[in-house]
file input.pdb (PDB, C-alpha atoms and all ligand atoms)
ATOM      1  CA  GLN A   1      -3.405 -49.650  14.822
ATOM      2  CA  ALA A   2      -6.168 -47.067  15.057
ATOM      3  CA  GLU A   3      -4.811 -45.906  18.376
ATOM      4  CA  LEU A   4      -1.346 -45.503  16.959
ATOM      5  CA  GLN A   5      -2.671 -43.474  14.056
ATOM      6  CA  GLY A   6      -4.464 -41.228  16.519
ATOM      7  CA  VAL A   7      -1.266 -40.698  18.449
ATOM      8  CA  ASN A   8       0.638 -39.921  15.295
ATOM      9  CA  GLN A   9      -1.978 -37.475  14.138
ATOM     10  CA  TYR A  10      -1.945 -35.750  17.490
ATOM     11  CA  ALA A  11       1.818 -35.541  17.355
ATOM     12  CA  PHE A  12       1.562 -34.188  13.833
ATOM     13  CA  TYR A  13      -0.798 -31.390  14.867
ATOM     14  CA  THR A  14       1.246 -30.346  17.889
ATOM     15  CA  ASP A  15       4.424 -30.375  15.812
ATOM     16  CA  ASP A  16       2.691 -28.191  13.271
ATOM     17  CA  MET A  17       1.467 -25.789  15.953
ATOM     18  CA  ASP A  18       4.884 -25.734  17.576
ATOM     19  CA  ARG A  19       6.480 -25.032  14.248
ATOM     20  CA  ARG A  20       4.114 -22.151  13.551
ATOM     21  CA  MET A  21       4.683 -20.683  17.007
ATOM     22  CA  ILE A  22       8.437 -20.926  16.621
ATOM     23  CA  GLU A  23       8.200 -19.346  13.165
ATOM     24  CA  ARG A  24       6.142 -16.477  14.520
ATOM     25  CA  GLN A  25       8.465 -16.037  17.467
ATOM     26  CA  THR A  26      11.484 -15.999  15.162
ATOM     27  CA  LEU A  27       9.789 -13.441  12.946
ATOM     28  CA  GLU A  28       8.821 -11.272  15.903
ATOM     29  CA  THR A  29      12.321 -11.308  17.400
ATOM     30  CA  ALA A  30      13.855 -10.495  14.029
ATOM     31  CA  LEU A  31      11.373  -7.678  13.353
ATOM     32  CA  ARG A  32      12.055  -6.112  16.744
ATOM     33  CA  SER A  33      15.722  -5.711  15.860
ATOM     34  CA  ALA A  34      15.207  -4.969  12.161
ATOM     35  CA  LEU A  35      14.738  -1.227  12.676
ATOM     36  CA  ASP A  36      17.929  -0.804  14.708
ATOM     37  CA  ARG A  37      19.810  -2.965  12.276
ATOM     38  CA  ARG A  38      18.617  -0.832   9.346
ATOM     39  CA  GLU A  39      17.131  -3.782   7.491
ATOM     40  CA  ILE A  40      13.988  -1.850   6.589
ATOM     41  CA  SER A  41      13.832   0.254   3.445
ATOM     42  CA  VAL A  42      11.297   1.603   0.997
ATOM     43  CA  ALA A  43      10.666   0.547  -2.610
ATOM     44  CA  TYR A  44       8.901   2.832  -5.061
ATOM     45  CA  GLN A  45       6.331   1.998  -7.723
ATOM     46  CA  VAL A  46       5.090   4.382 -10.393
ATOM     47  CA  GLN A  47       1.477   5.325 -10.973
ATOM     48  CA  VAL A  48       0.593   6.513 -14.484
ATOM     49  CA  THR A  49      -2.242   8.268 -16.269
ATOM     50  CA  LEU A  50      -3.853   5.715 -18.574
ATOM     51  CA  ALA A  51      -4.332   8.165 -21.429
ATOM     52  CA  ASP A  52      -0.611   8.688 -22.035
ATOM     53  CA  GLU A  53       1.157   6.431 -19.503
ATOM     54  CA  ALA A  54       2.925   9.419 -18.024
ATOM     55  CA  LEU A  55       4.176   9.331 -14.452
ATOM     56  CA  CYS A  56       1.567  10.907 -12.165
ATOM     57  CA  GLY A  57       2.560   9.555  -8.775
ATOM     58  CA  ILE A  58       4.731   7.118  -6.879
ATOM     59  CA  GLU A  59       3.756   4.737  -4.076
ATOM     60  CA  ALA A  60       6.221   4.058  -1.275
ATOM     61  CA  LEU A  61       6.205   0.413  -0.131
ATOM     62  CA  LEU A  62       8.097  -0.918   2.883
ATOM     63  CA  ARG A  63      10.705  -3.624   2.327
ATOM     64  CA  TRP A  64      12.425  -5.827   4.896
ATOM     65  CA  GLU A  65      15.597  -7.654   3.983
ATOM     66  CA  SER A  66      16.613  -9.859   6.899
ATOM     67  CA  PRO A  67      20.068 -11.462   6.845
ATOM     68  CA  GLU A  68      18.603 -14.561   8.529
ATOM     69  CA  LEU A  69      15.148 -14.775   6.912
ATOM     70  CA  GLY A  70      15.763 -13.232   3.517
ATOM     71  CA  SER A  71      13.259 -10.722   2.178
ATOM     72  CA  VAL A  72      10.020 -10.842   4.136
ATOM     73  CA  SER A  73       6.797  -9.671   2.452
ATOM     74  CA  PRO A  74       4.936  -6.702   3.957
ATOM     75  CA  GLU A  75       1.856  -8.930   3.808
ATOM     76  CA  ARG A  76       3.536 -10.861   6.626
ATOM     77  CA  PHE A  77       5.390  -8.265   8.642
ATOM     78  CA  ILE A  78       2.887  -5.370   8.563
ATOM     79  CA  PRO A  79       0.121  -7.327  10.354
ATOM     80  CA  LEU A  80       2.719  -8.602  12.833
ATOM     81  CA  ALA A  81       4.011  -5.071  13.420
ATOM     82  CA  GLU A  82       0.437  -3.952  14.072
ATOM     83  CA  GLU A  83      -0.023  -6.755  16.561
ATOM     84  CA  ILE A  84       3.163  -6.151  18.535
ATOM     85  CA  GLY A  85       3.008  -2.371  18.534
ATOM     86  CA  LEU A  86       5.762  -1.656  16.019
ATOM     87  CA  ILE A  87       3.608  -0.213  13.239
ATOM     88  CA  GLY A  88       3.997   3.341  14.507
ATOM     89  CA  GLU A  89       7.760   3.225  14.125
ATOM     90  CA  LEU A  90       7.591   1.436  10.772
ATOM     91  CA  GLY A  91       4.989   3.800   9.407
ATOM     92  CA  GLU A  92       6.963   6.829  10.531
ATOM     93  CA  LEU A  93      10.080   5.451   8.853
ATOM     94  CA  ALA A  94       8.191   4.892   5.587
ATOM     95  CA  PHE A  95       6.753   8.404   5.685
ATOM     96  CA  ARG A  96      10.103   9.996   6.510
ATOM     97  CA  LEU A  97      12.034   8.078   3.840
ATOM     98  CA  ALA A  98       9.379   8.840   1.210
ATOM     99  CA  CYS A  99       9.377  12.566   1.991
ATOM    100  CA  ASN A 100      13.181  12.712   2.045
ATOM    101  CA  GLN A 101      13.225  10.985  -1.333
ATOM    102  CA  LEU A 102      10.641  13.331  -2.790
ATOM    103  CA  SER A 103      12.615  16.403  -1.740
ATOM    104  CA  GLU A 104      15.822  14.832  -3.067
ATOM    105  CA  TRP A 105      14.085  14.235  -6.407
ATOM    106  CA  ASP A 106      12.898  17.857  -6.371
ATOM    107  CA  ARG A 107      16.487  18.941  -5.797
ATOM    108  CA  VAL A 108      17.846  16.999  -8.778
ATOM    109  CA  GLY A 109      14.952  18.024 -11.019
ATOM    110  CA  PHE A 110      13.142  14.682 -11.330
ATOM    111  CA  ARG A 111       9.528  15.787 -11.362
ATOM    112  CA  VAL A 112       7.255  13.594  -9.249
ATOM    113  CA  PRO A 113       3.772  15.117  -8.929
ATOM    114  CA  ARG A 114       2.613  13.000  -5.988
ATOM    115  CA  MET A 115       3.968  10.603  -3.376
ATOM    116  CA  SER A 116       1.649   8.011  -1.822
ATOM    117  CA  VAL A 117       2.299   6.458   1.566
ATOM    118  CA  ASN A 118       0.269   3.691   3.213
ATOM    119  CA  LEU A 119      -1.222   4.266   6.650
ATOM    120  CA  SER A 120      -2.528   1.534   8.897
ATOM    121  CA  ILE A 121      -5.636   2.072  10.993
ATOM    122  CA  HIS A 122      -3.510   1.380  14.078
ATOM    123  CA  GLU A 123      -1.368   4.419  13.296
ATOM    124  CA  LEU A 124      -4.463   6.567  12.918
ATOM    125  CA  GLU A 125      -5.834   5.419  16.250
ATOM    126  CA  GLN A 126      -2.575   6.035  18.120
ATOM    127  CA  GLY A 127      -1.921   9.553  19.281
ATOM    128  CA  GLY A 128       0.808  11.718  17.818
ATOM    129  CA  LEU A 129       0.521  10.748  14.157
ATOM    130  CA  VAL A 130      -0.697  14.122  12.951
ATOM    131  CA  GLU A 131       2.119  15.926  14.781
ATOM    132  CA  ARG A 132       4.752  13.513  13.467
ATOM    133  CA  ILE A 133       3.564  13.975   9.899
ATOM    134  CA  GLY A 134       3.488  17.738  10.381
ATOM    135  CA  ARG A 135       7.084  17.766  11.616
ATOM    136  CA  VAL A 136       8.373  15.791   8.611
ATOM    137  CA  LEU A 137       6.539  18.092   6.201
ATOM    138  CA  ASP A 138       7.906  21.201   7.938
ATOM    139  CA  ARG A 139      11.451  19.874   7.893
ATOM    140  CA  THR A 140      11.406  18.840   4.231
ATOM    141  CA  GLY A 141       9.326  21.809   3.090
ATOM    142  CA  ILE A 142       7.168  19.549   0.932
ATOM    143  CA  ASP A 143       3.799  20.911  -0.126
ATOM    144  CA  PRO A 144       1.313  18.672   1.779
ATOM    145  CA  SER A 145      -0.965  18.494  -1.268
ATOM    146  CA  ARG A 146       1.699  16.361  -2.999
ATOM    147  CA  ILE A 147       1.381  13.670  -0.333
ATOM    148  CA  GLU A 148      -1.403  11.119  -0.563
ATOM    149  CA  LEU A 149      -2.168   8.816   2.342
ATOM    150  CA  GLU A 150      -3.556   5.391   1.423
ATOM    151  CA  VAL A 151      -5.895   3.802   3.934
ATOM    152  CA  THR A 152      -8.134   0.759   3.597
ATOM    153  CA  GLU A 153     -11.871   0.732   4.089
ATOM    154  CA  SER A 154     -11.424  -0.635   7.617
ATOM    155  CA  VAL A 155     -10.495   2.906   8.652
ATOM    156  CA  LEU A 156     -13.939   4.086   7.678
ATOM    157  CA  MET A 157     -15.481   1.539  10.014
ATOM    158  CA  SER A 158     -13.350   2.588  12.983
ATOM    159  CA  GLN A 159     -15.542   2.560  16.061
ATOM    160  CA  THR A 160     -13.637   5.049  18.199
ATOM    161  CA  GLY A 161     -13.793   8.015  15.882
ATOM    162  CA  ASP A 162     -10.087   8.670  16.563
ATOM    163  CA  ALA A 163      -9.139   7.563  13.066
ATOM    164  CA  LEU A 164     -11.731   9.826  11.498
ATOM    165  CA  ALA A 165     -10.596  12.784  13.600
ATOM    166  CA  ALA A 166      -6.972  12.189  12.575
ATOM    167  CA  LEU A 167      -7.931  11.952   8.900
ATOM    168  CA  ASN A 168      -9.837  15.217   9.110
ATOM    169  CA  ALA A 169      -6.870  16.909  10.791
ATOM    170  CA  LEU A 170      -4.570  15.632   8.043
ATOM    171  CA  ARG A 171      -7.002  16.875   5.401
ATOM    172  CA  ASP A 172      -7.011  20.296   7.091
ATOM    173  CA  MET A 173      -3.212  20.268   6.811
ATOM    174  CA  GLY A 174      -3.665  19.807   3.055
ATOM    175  CA  LEU A 175      -2.765  16.135   2.601
ATOM    176  CA  ARG A 176      -4.735  13.969   0.189
ATOM    177  CA  LEU A 177      -6.494  10.735   0.993
ATOM    178  CA  ALA A 178      -6.958   7.556  -1.068
ATOM    179  CA  ILE A 179      -8.979   4.462  -0.221
ATOM    180  CA  ASP A 180      -6.707   1.478  -0.908
ATOM    181  CA  ASP A 181      -7.922  -1.986  -1.989
ATOM    182  CA  PHE A 182     -11.318  -0.441  -2.693
ATOM    183  CA  GLY A 183     -14.160  -2.932  -3.026
ATOM    184  CA  THR A 184     -12.741  -5.569  -0.697
ATOM    185  CA  GLY A 185     -13.960  -4.055   2.573
ATOM    186  CA  TYR A 186     -17.343  -3.341   3.995
ATOM    187  CA  SER A 187     -17.657   0.397   3.705
ATOM    188  CA  SER A 188     -21.031   1.749   2.782
ATOM    189  CA  LEU A 189     -21.318   4.486   0.237
ATOM    190  CA  ALA A 190     -22.422   6.862   2.978
ATOM    191  CA  TYR A 191     -18.858   6.938   4.282
ATOM    192  CA  LEU A 192     -17.623   8.335   1.019
ATOM    193  CA  LYS A 193     -19.390  11.628   1.548
ATOM    194  CA  ARG A 194     -18.402  11.797   5.221
ATOM    195  CA  LEU A 195     -14.715  11.443   4.460
ATOM    196  CA  PRO A 196     -12.295  13.743   2.674
ATOM    197  CA  VAL A 197     -11.427  11.164  -0.015
ATOM    198  CA  GLN A 198      -9.684  12.206  -3.245
ATOM    199  CA  ARG A 199      -9.024   8.814  -4.814
ATOM    200  CA  LEU A 200     -10.339   5.253  -4.925
ATOM    201  CA  LYS A 201      -7.810   2.528  -5.688
ATOM    202  CA  ILE A 202      -9.578  -0.439  -7.271
ATOM    203  CA  ASP A 203      -8.229  -3.587  -5.636
ATOM    204  CA  ARG A 204      -6.126  -5.737  -7.916
ATOM    205  CA  SER A 205      -8.322  -8.801  -7.305
ATOM    206  CA  PHE A 206     -10.968  -7.148  -9.537
ATOM    207  CA  VAL A 207      -8.441  -6.147 -12.185
ATOM    208  CA  LYS A 208      -6.864  -9.580 -12.551
ATOM    209  CA  ASP A 209      -9.644 -11.150 -14.628
ATOM    210  CA  LEU A 210     -10.794  -8.163 -16.678
ATOM    211  CA  GLY A 211     -11.605  -9.442 -20.144
ATOM    212  CA  ARG A 212     -12.487 -12.878 -18.705
ATOM    213  CA  ASP A 213     -14.836 -12.361 -15.766
ATOM    214  CA  LEU A 214     -18.048 -10.421 -16.387
ATOM    215  CA  ASN A 215     -18.685  -9.930 -12.665
ATOM    216  CA  ASP A 216     -15.306  -8.297 -12.172
ATOM    217  CA  GLU A 217     -15.962  -6.109 -15.187
ATOM    218  CA  SER A 218     -19.253  -4.989 -13.649
ATOM    219  CA  ILE A 219     -17.589  -4.257 -10.309
ATOM    220  CA  VAL A 220     -14.856  -2.220 -11.949
ATOM    221  CA  ARG A 221     -17.393  -0.308 -14.036
ATOM    222  CA  ALA A 222     -19.427   0.384 -10.906
ATOM    223  CA  ILE A 223     -16.407   1.720  -8.989
ATOM    224  CA  ILE A 224     -15.441   3.982 -11.891
ATOM    225  CA  GLY A 225     -19.044   5.224 -12.056
ATOM    226  CA  LEU A 226     -19.052   5.793  -8.311
ATOM    227  CA  GLY A 227     -15.903   7.865  -8.579
ATOM    228  CA  ARG A 228     -17.411   9.878 -11.391
ATOM    229  CA  SER A 229     -20.615  10.691  -9.515
ATOM    230  CA  PHE A 230     -18.808  11.583  -6.287
ATOM    231  CA  GLY A 231     -16.103  13.549  -8.097
ATOM    232  CA  ILE A 232     -13.399  11.203  -6.808
ATOM    233  CA  ALA A 233     -10.511  10.110  -9.042
ATOM    234  CA  VAL A 234     -10.069   6.360  -9.648
ATOM    235  CA  LEU A 235      -6.816   4.410  -9.973
ATOM    236  CA  ALA A 236      -6.631   0.701 -10.822
ATOM    237  CA  GLU A 237      -4.103  -1.459  -8.966
ATOM    238  CA  GLY A 238      -2.314  -4.531 -10.224
ATOM    239  CA  VAL A 239      -2.518  -3.813 -13.957
ATOM    240  CA  GLU A 240      -0.375  -6.449 -15.645
ATOM    241  CA  THR A 241      -1.655  -6.662 -19.213
ATOM    242  CA  ARG A 242      -2.417  -4.378 -22.169
ATOM    243  CA  LYS A 243      -5.897  -5.852 -22.274
ATOM    244  CA  GLN A 244      -6.624  -4.778 -18.689
ATOM    245  CA  ALA A 245      -5.241  -1.295 -19.333
ATOM    246  CA  ALA A 246      -7.355  -0.937 -22.479
ATOM    247  CA  PHE A 247     -10.528  -1.983 -20.669
ATOM    248  CA  LEU A 248      -9.858   0.457 -17.822
ATOM    249  CA  GLY A 249      -9.068   3.330 -20.161
ATOM    250  CA  ARG A 250     -12.197   2.682 -22.214
ATOM    251  CA  GLU A 251     -14.350   2.688 -19.088
ATOM    252  CA  GLY A 252     -12.968   6.042 -17.959
ATOM    253  CA  CYS A 253     -10.502   5.040 -15.256
ATOM    254  CA  GLN A 254      -7.894   7.830 -15.131
ATOM    255  CA  GLU A 255      -4.874   6.225 -13.516
ATOM    256  CA  ALA A 256      -3.224   2.848 -13.036
ATOM    257  CA  GLN A 257      -0.399   1.085 -11.264
ATOM    258  CA  GLY A 258       1.014  -2.361 -11.900
ATOM    259  CA  TYR A 259       3.729  -4.533 -13.349
ATOM    260  CA  LEU A 260       2.688  -3.551 -16.899
ATOM    261  CA  PHE A 261       4.131  -0.115 -16.240
ATOM    262  CA  ASP A 262       6.832  -1.013 -13.722
ATOM    263  CA  ARG A 263       7.518  -2.999 -10.562
ATOM    264  CA  PRO A 264       8.364  -1.504  -7.184
ATOM    265  CA  MET A 265      12.120  -0.790  -7.098
ATOM    266  CA  GLY A 266      14.816   1.267  -5.458
ATOM    267  CA  ALA A 267      14.707   5.043  -5.842
ATOM    268  CA  ALA A 268      17.808   5.261  -8.037
ATOM    269  CA  ALA A 269      16.567   2.622 -10.492
ATOM    270  CA  LEU A 270      13.164   4.261 -10.748
ATOM    271  CA  ALA A 271      14.574   7.721 -11.414
ATOM    272  CA  LYS A 272      16.875   6.307 -14.068
ATOM    273  CA  ARG A 273      13.999   4.619 -15.876
ATOM    274  CA  TRP A 274      11.427   7.408 -15.564
ATOM    275  CA  SER A 275      13.237  10.702 -15.518
ATOM    276  CA  THR A 276      13.245  11.275 -19.275
ATOM    277  CA  PRO A 277      10.196  13.099 -20.642
ATOM    278  CA  GLY A 278       7.488  10.546 -21.337
ATOM    279  CA  GLY A 279       9.128   8.040 -19.043
ATOM    280  CA  LEU A 280       9.919   4.486 -20.035
ATOM    281  CA  ARG A 281       8.408   4.449 -23.487
ATOM    282  CA  SER A 282      10.731   7.047 -24.927
ATOM    283  CA  ARG A 283      13.851   5.179 -23.895
TER     284      ARG A 283
HETATM  285  P1  LIG B 301      -0.967  -2.053  -1.223
HETATM  286  O1  LIG B 301      -0.831  -0.742  -0.542
HETATM  287  O2  LIG B 301      -2.271  -2.375  -1.834
HETATM  288  O3  LIG B 301       0.217  -2.067  -2.293
HETATM  289  C1  LIG B 301       0.131  -2.654  -3.554
HETATM  290  C2  LIG B 301       0.768  -4.018  -3.562
HETATM  291  O4  LIG B 301       0.569  -4.616  -4.832
HETATM  292  C3  LIG B 301       2.290  -3.996  -3.352
HETATM  293  O5  LIG B 301       2.641  -5.169  -2.641
HETATM  294  C4  LIG B 301       2.805  -4.055  -4.787
HETATM  295  O6  LIG B 301       4.108  -4.566  -4.882
HETATM  296  C5  LIG B 301       1.800  -4.996  -5.403
HETATM  297  N1  LIG B 301       1.672  -4.840  -6.851
HETATM  298  C6  LIG B 301       1.832  -3.724  -7.591
HETATM  299  N2  LIG B 301       1.584  -3.956  -8.889
HETATM  300  C7  LIG B 301       1.245  -5.260  -8.988
HETATM  301  C8  LIG B 301       0.884  -6.118 -10.100
HETATM  302  O7  LIG B 301       0.801  -5.706 -11.250
HETATM  303  N3  LIG B 301       0.602  -7.408  -9.796
HETATM  304  C9  LIG B 301       0.671  -7.900  -8.526
HETATM  305  N4  LIG B 301       0.385  -9.186  -8.337
HETATM  306  N5  LIG B 301       1.020  -7.122  -7.463
HETATM  307  C10 LIG B 301       1.296  -5.816  -7.696
HETATM  308  P2  LIG B 301       3.667  -5.159  -1.429
HETATM  309  O8  LIG B 301       4.749  -4.166  -1.681
HETATM  310  O9  LIG B 301       4.026  -6.576  -1.155
HETATM  311  O10 LIG B 301       2.809  -4.581  -0.230
HETATM  312  C11 LIG B 301       1.732  -5.303   0.268
HETATM  313  C12 LIG B 301       0.893  -4.480   1.219
HETATM  314  O11 LIG B 301       1.644  -4.170   2.404
HETATM  315  C13 LIG B 301       0.480  -3.120   0.669
HETATM  316  O12 LIG B 301      -0.610  -3.267  -0.212
HETATM  317  C14 LIG B 301       0.117  -2.405   1.954
HETATM  318  O13 LIG B 301      -1.162  -2.791   2.384
HETATM  319  C15 LIG B 301       1.157  -2.966   2.921
HETATM  320  N6  LIG B 301       2.243  -1.972   3.065
HETATM  321  C16 LIG B 301       3.381  -1.812   2.325
HETATM  322  N7  LIG B 301       4.100  -0.757   2.787
HETATM  323  C17 LIG B 301       3.407  -0.233   3.829
HETATM  324  C18 LIG B 301       3.616   0.879   4.738
HETATM  325  O14 LIG B 301       4.574   1.665   4.635
HETATM  326  N8  LIG B 301       2.681   1.061   5.724
HETATM  327  C19 LIG B 301       1.590   0.257   5.842
HETATM  328  N9  LIG B 301       0.712   0.494   6.837
HETATM  329  N10 LIG B 301       1.341  -0.763   5.001
HETATM  330  C20 LIG B 301       2.249  -1.009   4.007
HETATM  331 MG    MG B 302      -1.236   1.110  -1.065
HETATM  332 MG    MG B 303      -3.870  -1.886  -2.630
HETATM  333 MG    MG B 304      -3.181  -4.022   0.455
END
call {"tool": "encode", "arguments": {"input": "input.pdb", "output": "structure tokens", "more": "lines below"}}
Ligand code: C2E
Ligand code: MG
Ligand code: MG
Ligand code: MG
result
Amino acid sequence: QAELQGVNQYAFYTDDMDRRMIERQTLETALRSALDRREISVAYQVQVTLADEALCGIEALLRWESPELGSVSPERFIPLAEEIGLIGELGELAFRLACNQLSEWDRVGFRVPRMSVNLSIHELEQGGLVERIGRVLDRTGIDPSRIELEVTESVLMSQTGDALAALNALRDMGLRLAIDDFGTGYSSLAYLKRLPVQRLKIDRSFVKDLGRDLNDESIVRAIIGLGRSFGIAVLAEGVETRKQAAFLGREGCQEAQGYLFDRPMGAAALAKRWSTPGGLRSR
């Protein structure tokens, strides 16, 4: 009996491993053809100033709609793309689509002060990124200071120095830099003065329990204070409730992003909802 159980357990584990390997393989194969098959797009989410909830920026977020797998979260396909060497192409597509959209919005008179695009450390460590970004900006004629690149703290820990060199080159071109998911990584404060950072984005894990968790409140207060003393703007991610927004505003956080204001959506839907003066609230 015991022996049989052992056999069954063993079979269970191998089945599980097999299943995971097949799943990963399926995902990888699908992702490799997703670009050619035009299954990748970008969704846009507004960022607002807390004082008046006016539109102050928009974040571009990659979306993958696979006919076979349905919509796949970037939390799954971005790490995979990094692993299999596809992040360069994906990142370039996101940047290009976001810049095209921004210049289209300029053309139709929808005023978007800033466009944020996520950058993975892998992109920063590969050659050619700075040139590629430069070419897109030249072609679209967008003022580089309206583009903000979001990187996580891992970039600051990069051992090679390539990432840091690329970030400095991008800064020299006039682009802005935000630290995404701030507070979840391991960066020391010393990095903040070494890097050309214009914004800290408080990770949504600290925002979630504001009003309930005193530790999270202390962390959020500390990040806002840090921003103030370094002269770096602070934006809170994942704001879902009035209570969270009120806390953040009271503590001096300037900007926020989250479902309370709007979800990520297609460009046309966003423009429709936000293009009137004052945005959503006046509709
Ligand atoms: P992120 O850059 O921190 O983006 C914010 C994520 O939080 C987005 O998830 C957004 O949909 C979600 N979010 C916004 N407001 C709320 C809220 O109120 N509540 C909750 N629960 N979530 C909220 P998404 O779109 O699934 O993207 C996940 C991550 O994938 C991004 O996190 C970013 O790290 C990565 N990513 C997305 N697009 C790109 C890209 O073009 N390049 C790179 N390198 N990474 C990307
Ligand atoms: Mg981001
Ligand atoms: Mg984030
Ligand atoms: Mg993230």
call {"tool": "axis_aligned_box", "arguments": {"input": "input.pdb", "around": "segment 190-208 of chain A", "padding_each_side": "4 Å", "output": "JSON"}}
result
{"center_x": -14.3, "center_y": 2.1, "center_z": -3.7, "size_x": 24.3, "size_y": 31.3, "size_z": 25.8}
call {"tool": "residues_near_ligand", "arguments": {"input": "input.pdb", "ligand": "ligand LIG 301 (chain B)", "cutoff": "6 Å", "atoms": "only C-alpha atoms and all ligand atoms", "output": "PyMOL selection string"}}
result
chain A and resi 61-62+73-75+91+94+118-120+180-181+238-240+257-259+264
call {"tool": "residues_around", "arguments": {"input": "input.pdb", "residues": "Ser145 of chain A", "least_positions_apart": "2", "cutoff": "7 Å", "atoms": "only C-alpha atoms", "output": "number ranges by chain"}}
result
A: 143, 147, 174-176
call {"tool": "residues_around", "arguments": {"input": "input.pdb", "residues": "Arg111 of chain A", "least_positions_apart": "6", "cutoff": "10 Å", "atoms": "all atoms listed in the file", "output": "list of chain:residue names"}}
result
A:Leu55, A:Cys56, A:Gly57, A:Leu102, A:Trp105, A:Ala271, A:Trp274, A:Ser275, A:Thr276, A:Pro277
call {"tool": "resolve_selection", "arguments": {"input": "input.pdb", "expression": "the PyMOL selection byres (((not hetatm)) within 10 of (chain B and resi 302))", "output": "MDAnalysis selection string"}}
result
chainID A and resid 59:61 116:119 149:152 178:181 201 203 237
call {"tool": "atom_distance", "arguments": {"input": "input.pdb", "atom1": "atom CA of Gly225 of chain A", "atom2": "atom CA of Asp209 of chain A"}}
result
19.1 Å
call {"tool": "residues_around", "arguments": {"input": "input.pdb", "residues": "segment 29-32 of chain A", "least_positions_apart": "5", "cutoff": "9 Å", "atoms": "all atoms listed in the file", "output": "short mmCIF file (atom, residue, chain, number, x, y, z; two decimals) with C-alpha atoms, in the frame of the given file"}}
result
data_model
loop_
_atom_site.label_atom_id
_atom_site.label_comp_id
_atom_site.auth_asym_id
_atom_site.auth_seq_id
_atom_site.Cartn_x
_atom_site.Cartn_y
_atom_site.Cartn_z
CA ARG A 24 6.14 -16.48 14.52
CA TRP A 64 12.42 -5.83 4.90
CA SER A 66 16.61 -9.86 6.90
CA GLU A 68 18.60 -14.56 8.53
CA LEU A 69 15.15 -14.78 6.91
CA PHE A 77 5.39 -8.26 8.64
CA LEU A 80 2.72 -8.60 12.83
CA ALA A 81 4.01 -5.07 13.42
CA LEU A 86 5.76 -1.66 16.02
#
call {"tool": "closest_residue", "arguments": {"input": "input.pdb", "among": "A:Leu189, A:Leu200, A:Leu156, A:Met17", "to": "ligand MG 303 (chain B)", "atoms": "only C-alpha atoms and all ligand atoms"}}
result
A:Leu200
call {"tool": "atom_distance", "arguments": {"input": "input.pdb", "atom1": "atom CA of Ala233 of chain A", "atom2": "atom CA of Gln198 of chain A"}}
result
6.2 Å
call {"tool": "atom_distance", "arguments": {"input": "input.pdb", "atom1": "atom CA of Gly252 of chain A", "atom2": "atom CA of Leu50 of chain A"}}
result
9.1 Å
call {"tool": "resolve_selection", "arguments": {"input": "input.pdb", "expression": "the PyMOL selection byres (((chain A and resi 183) around 12) and not hetatm)", "output": "PDB file with C-alpha atoms, keeping the file's coordinate frame"}}
result
ATOM      1  CA  THR A 152      -8.134   0.759   3.597  1.00  0.00           C
ATOM      2  CA  GLU A 153     -11.871   0.732   4.089  1.00  0.00           C
ATOM      3  CA  SER A 154     -11.424  -0.635   7.617  1.00  0.00           C
ATOM      4  CA  ILE A 179      -8.979   4.462  -0.221  1.00  0.00           C
ATOM      5  CA  ASP A 180      -6.707   1.478  -0.908  1.00  0.00           C
ATOM      6  CA  ASP A 181      -7.922  -1.986  -1.989  1.00  0.00           C
ATOM      7  CA  PHE A 182     -11.318  -0.441  -2.693  1.00  0.00           C
ATOM      8  CA  THR A 184     -12.741  -5.569  -0.697  1.00  0.00           C
ATOM      9  CA  GLY A 185     -13.960  -4.055   2.573  1.00  0.00           C
ATOM     10  CA  TYR A 186     -17.343  -3.341   3.995  1.00  0.00           C
ATOM     11  CA  SER A 187     -17.657   0.397   3.705  1.00  0.00           C
ATOM     12  CA  SER A 188     -21.031   1.749   2.782  1.00  0.00           C
ATOM     13  CA  LEU A 189     -21.318   4.486   0.237  1.00  0.00           C
ATOM     14  CA  LEU A 200     -10.339   5.253  -4.925  1.00  0.00           C
ATOM     15  CA  LYS A 201      -7.810   2.528  -5.688  1.00  0.00           C
ATOM     16  CA  ILE A 202      -9.578  -0.439  -7.271  1.00  0.00           C
ATOM     17  CA  ASP A 203      -8.229  -3.587  -5.636  1.00  0.00           C
ATOM     18  CA  ARG A 204      -6.126  -5.737  -7.916  1.00  0.00           C
ATOM     19  CA  SER A 205      -8.322  -8.801  -7.305  1.00  0.00           C
ATOM     20  CA  PHE A 206     -10.968  -7.148  -9.537  1.00  0.00           C
ATOM     21  CA  VAL A 207      -8.441  -6.147 -12.185  1.00  0.00           C
ATOM     22  CA  ASP A 216     -15.306  -8.297 -12.172  1.00  0.00           C
ATOM     23  CA  SER A 218     -19.253  -4.989 -13.649  1.00  0.00           C
ATOM     24  CA  ILE A 219     -17.589  -4.257 -10.309  1.00  0.00           C
ATOM     25  CA  VAL A 220     -14.856  -2.220 -11.949  1.00  0.00           C
ATOM     26  CA  ARG A 221     -17.393  -0.308 -14.036  1.00  0.00           C
ATOM     27  CA  ALA A 222     -19.427   0.384 -10.906  1.00  0.00           C
ATOM     28  CA  ILE A 223     -16.407   1.720  -8.989  1.00  0.00           C
ATOM     29  CA  ILE A 224     -15.441   3.982 -11.891  1.00  0.00           C
ATOM     30  CA  LEU A 226     -19.052   5.793  -8.311  1.00  0.00           C
ATOM     31  CA  ALA A 236      -6.631   0.701 -10.822  1.00  0.00           C
ATOM     32  CA  GLU A 237      -4.103  -1.459  -8.966  1.00  0.00           C
TER      33      GLU A 237
END
call {"tool": "resolve_selection", "arguments": {"input": "input.pdb", "expression": "the PyMOL selection byres (((chain A and resi 40) around 6) and not hetatm)", "output": "list in words"}}
result
Arg38, Glu39, Ser41, Arg63 and Trp64 of chain A
call {"tool": "write_last_selection", "arguments": {"input": "input.pdb", "atoms": "C-alpha atoms", "output": "compact mmCIF listing (two decimals), keeping the file's coordinate frame"}}
result
# COMPACT_ATOMS: atom_id res chain seq x y z
CA ARG A 38 18.62 -0.83 9.35
CA GLU A 39 17.13 -3.78 7.49
CA SER A 41 13.83 0.25 3.44
CA ARG A 63 10.70 -3.62 2.33
CA TRP A 64 12.42 -5.83 4.90
